[in-house]
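Next comes entry_2.cif, with mmCIF, C-alpha atoms, pLDDT in the B column; chains and numbers go by the auth columns.
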data_entry
loop_
_atom_site.group_PDB
_atom_site.id
_atom_site.type_symbol
_atom_site.label_atom_id
_atom_site.label_comp_id
_atom_site.label_asym_id
_atom_site.label_seq_id
_atom_site.Cartn_x
_atom_site.Cartn_y
_atom_site.Cartn_z
_atom_site.B_iso_or_equiv
_atom_site.auth_seq_id
_atom_site.auth_asym_id
ATOM 1 C CA GLY A 1 0.000 0.000 0.000 77.00 1 A
ATOM 2 C CA LYS A 2 2.830 2.436 0.736 94.00 2 A
ATOM 3 C CA LEU A 3 4.541 1.928 -2.629 95.00 3 A
ATOM 4 C CA THR A 4 1.419 2.937 -4.542 95.00 4 A
ATOM 5 C CA GLU A 5 0.980 5.964 -2.305 95.00 5 A
ATOM 6 C CA HIS A 6 4.611 6.966 -2.852 93.00 6 A
ATOM 7 C CA LEU A 7 4.406 6.503 -6.627 93.00 7 A
ATOM 8 C CA ASN A 8 1.209 8.542 -6.788 95.00 8 A
ATOM 9 C CA GLN A 9 2.916 11.359 -4.866 94.00 9 A
ATOM 10 C CA VAL A 10 5.963 11.291 -7.157 91.00 10 A
ATOM 11 C CA ASP A 11 3.683 11.318 -10.211 93.00 11 A
ATOM 12 C CA LYS A 12 1.794 14.324 -8.848 95.00 12 A
ATOM 13 C CA GLU A 13 5.024 16.222 -8.168 94.00 13 A
ATOM 14 C CA VAL A 14 6.400 15.459 -11.625 94.00 14 A
ATOM 15 C CA ARG A 15 3.204 16.623 -13.327 96.00 15 A
ATOM 16 C CA GLU A 16 3.233 19.856 -11.309 96.00 16 A
ATOM 17 C CA LYS A 17 6.875 20.529 -12.228 96.00 17 A
ATOM 18 C CA VAL A 18 6.190 19.899 -15.911 97.00 18 A
ATOM 19 C CA GLU A 19 3.191 22.248 -15.849 97.00 19 A
ATOM 20 C CA MET A 20 5.201 24.953 -14.057 97.00 20 A
ATOM 21 C CA LEU A 21 8.046 24.696 -16.563 97.00 21 A
ATOM 22 C CA MET A 22 5.603 24.743 -19.465 98.00 22 A
ATOM 23 C CA GLU A 23 3.988 27.943 -18.181 97.00 23 A
ATOM 24 C CA GLN A 24 7.399 29.590 -17.923 98.00 24 A
ATOM 25 C CA MET A 25 8.498 28.395 -21.351 98.00 25 A
ATOM 26 C CA VAL A 26 5.257 29.480 -23.028 98.00 26 A
ATOM 27 C CA GLU A 27 5.901 32.993 -21.746 96.00 27 A
ATOM 28 C CA GLN A 28 9.586 32.960 -22.692 97.00 28 A
ATOM 29 C CA TRP A 29 8.936 31.597 -26.199 95.00 29 A
ATOM 30 C CA GLY A 30 6.095 34.046 -26.814 94.00 30 A
ATOM 31 C CA VAL A 31 3.458 31.401 -27.480 97.00 31 A
ATOM 32 C CA THR A 32 0.172 33.279 -27.219 96.00 32 A
ATOM 33 C CA GLU A 33 -3.528 32.765 -27.735 96.00 33 A
ATOM 34 C CA GLU A 34 -3.184 35.155 -30.658 97.00 34 A
ATOM 35 C CA LEU A 35 -0.750 32.731 -32.310 96.00 35 A
ATOM 36 C CA LYS A 36 -3.206 29.924 -31.625 96.00 36 A
ATOM 37 C CA MET A 37 -5.937 31.834 -33.441 97.00 37 A
ATOM 38 C CA GLN A 38 -3.712 32.918 -36.343 97.00 38 A
ATOM 39 C CA ASP A 39 -1.733 29.712 -36.968 97.00 39 A
ATOM 40 C CA GLN A 40 -3.020 26.749 -35.036 97.00 40 A
ATOM 41 C CA MET A 41 -0.492 24.294 -36.492 97.00 41 A
ATOM 42 C CA ALA A 42 2.449 26.494 -35.446 97.00 42 A
ATOM 43 C CA TRP A 43 0.922 26.842 -31.974 97.00 43 A
ATOM 44 C CA VAL A 44 0.495 23.070 -31.631 98.00 44 A
ATOM 45 C CA GLY A 45 4.050 22.474 -32.817 97.00 45 A
ATOM 46 C CA LYS A 46 5.478 24.939 -30.318 97.00 46 A
ATOM 47 C CA MET A 47 3.369 23.548 -27.470 98.00 47 A
ATOM 48 C CA ASN A 48 4.521 20.002 -28.310 98.00 48 A
ATOM 49 C CA ASN A 49 8.142 21.183 -28.276 98.00 49 A
ATOM 50 C CA ILE A 50 7.634 22.961 -24.971 98.00 50 A
ATOM 51 C CA ARG A 51 6.064 19.864 -23.393 98.00 51 A
ATOM 52 C CA ALA A 52 8.890 17.640 -24.651 98.00 52 A
ATOM 53 C CA CYS A 53 11.531 20.042 -23.297 97.00 53 A
ATOM 54 C CA ALA A 54 9.819 20.372 -19.921 97.00 54 A
ATOM 55 C CA GLU A 55 9.463 16.598 -19.584 96.00 55 A
ATOM 56 C CA GLU A 56 13.125 16.095 -20.501 96.00 56 A
ATOM 57 C CA ILE A 57 14.232 18.667 -17.922 96.00 57 A
ATOM 58 C CA VAL A 58 12.198 17.021 -15.163 95.00 58 A
ATOM 59 C CA ARG A 59 13.383 13.547 -16.195 93.00 59 A
ATOM 60 C CA THR A 60 17.004 14.705 -16.101 94.00 60 A
ATOM 61 C CA GLU A 61 16.510 16.244 -12.646 91.00 61 A
ATOM 62 C CA LEU A 62 15.030 13.003 -11.315 84.00 62 A
ATOM 63 C CA LEU A 63 18.039 10.975 -12.489 76.00 63 A
ATOM 64 C CA LYS A 64 20.564 13.157 -10.623 78.00 64 A
#
Would you write the structure of this file as structure tokens?
Amino acid sequence: GKLTEHLNQVDKEVREKVEMLMEQMVEQWGVTEELKMQDQMAWVGKMNNIRACAEEIVRTELLK
């Protein structure tokens, strides 16, 4: 029972870190709702890149 609880907590923390990094990166990269309305494919591409980068950063931090 404790392993599942621990894994759920780690999962929650990782998701929160990824979301926080994504919010920061969206601002830094200038990804806006205006871009989403003007060029949805570019917006999706940038958001996918941001998610991949954020996940890689968190994964790298966990392996330290």
Fill in: Using only C-alpha atoms: which of A:Val10, A:Leu63, A:Leu35, A:Met25 has the shortest distance to Asn49 (chain A)
A:Met25
Axis-aligned box for all listed atoms of region 51-59 of chain A, 3 Å per side, centre and edges in Å to one decimal, as lines of an AutoDock Vina configuration file:
center_x = 10.1
center_y = 17.0
center_z = -19.9
size_x = 14.2
size_y = 12.8
size_z = 15.5
Practice prompt. Specify as number ranges by chain each residue included when the PyMOL selection byres ((chain A and resi 51) around 12) is applied to this file.
Written response: A: 15, 17-26, 44-50, 52-58
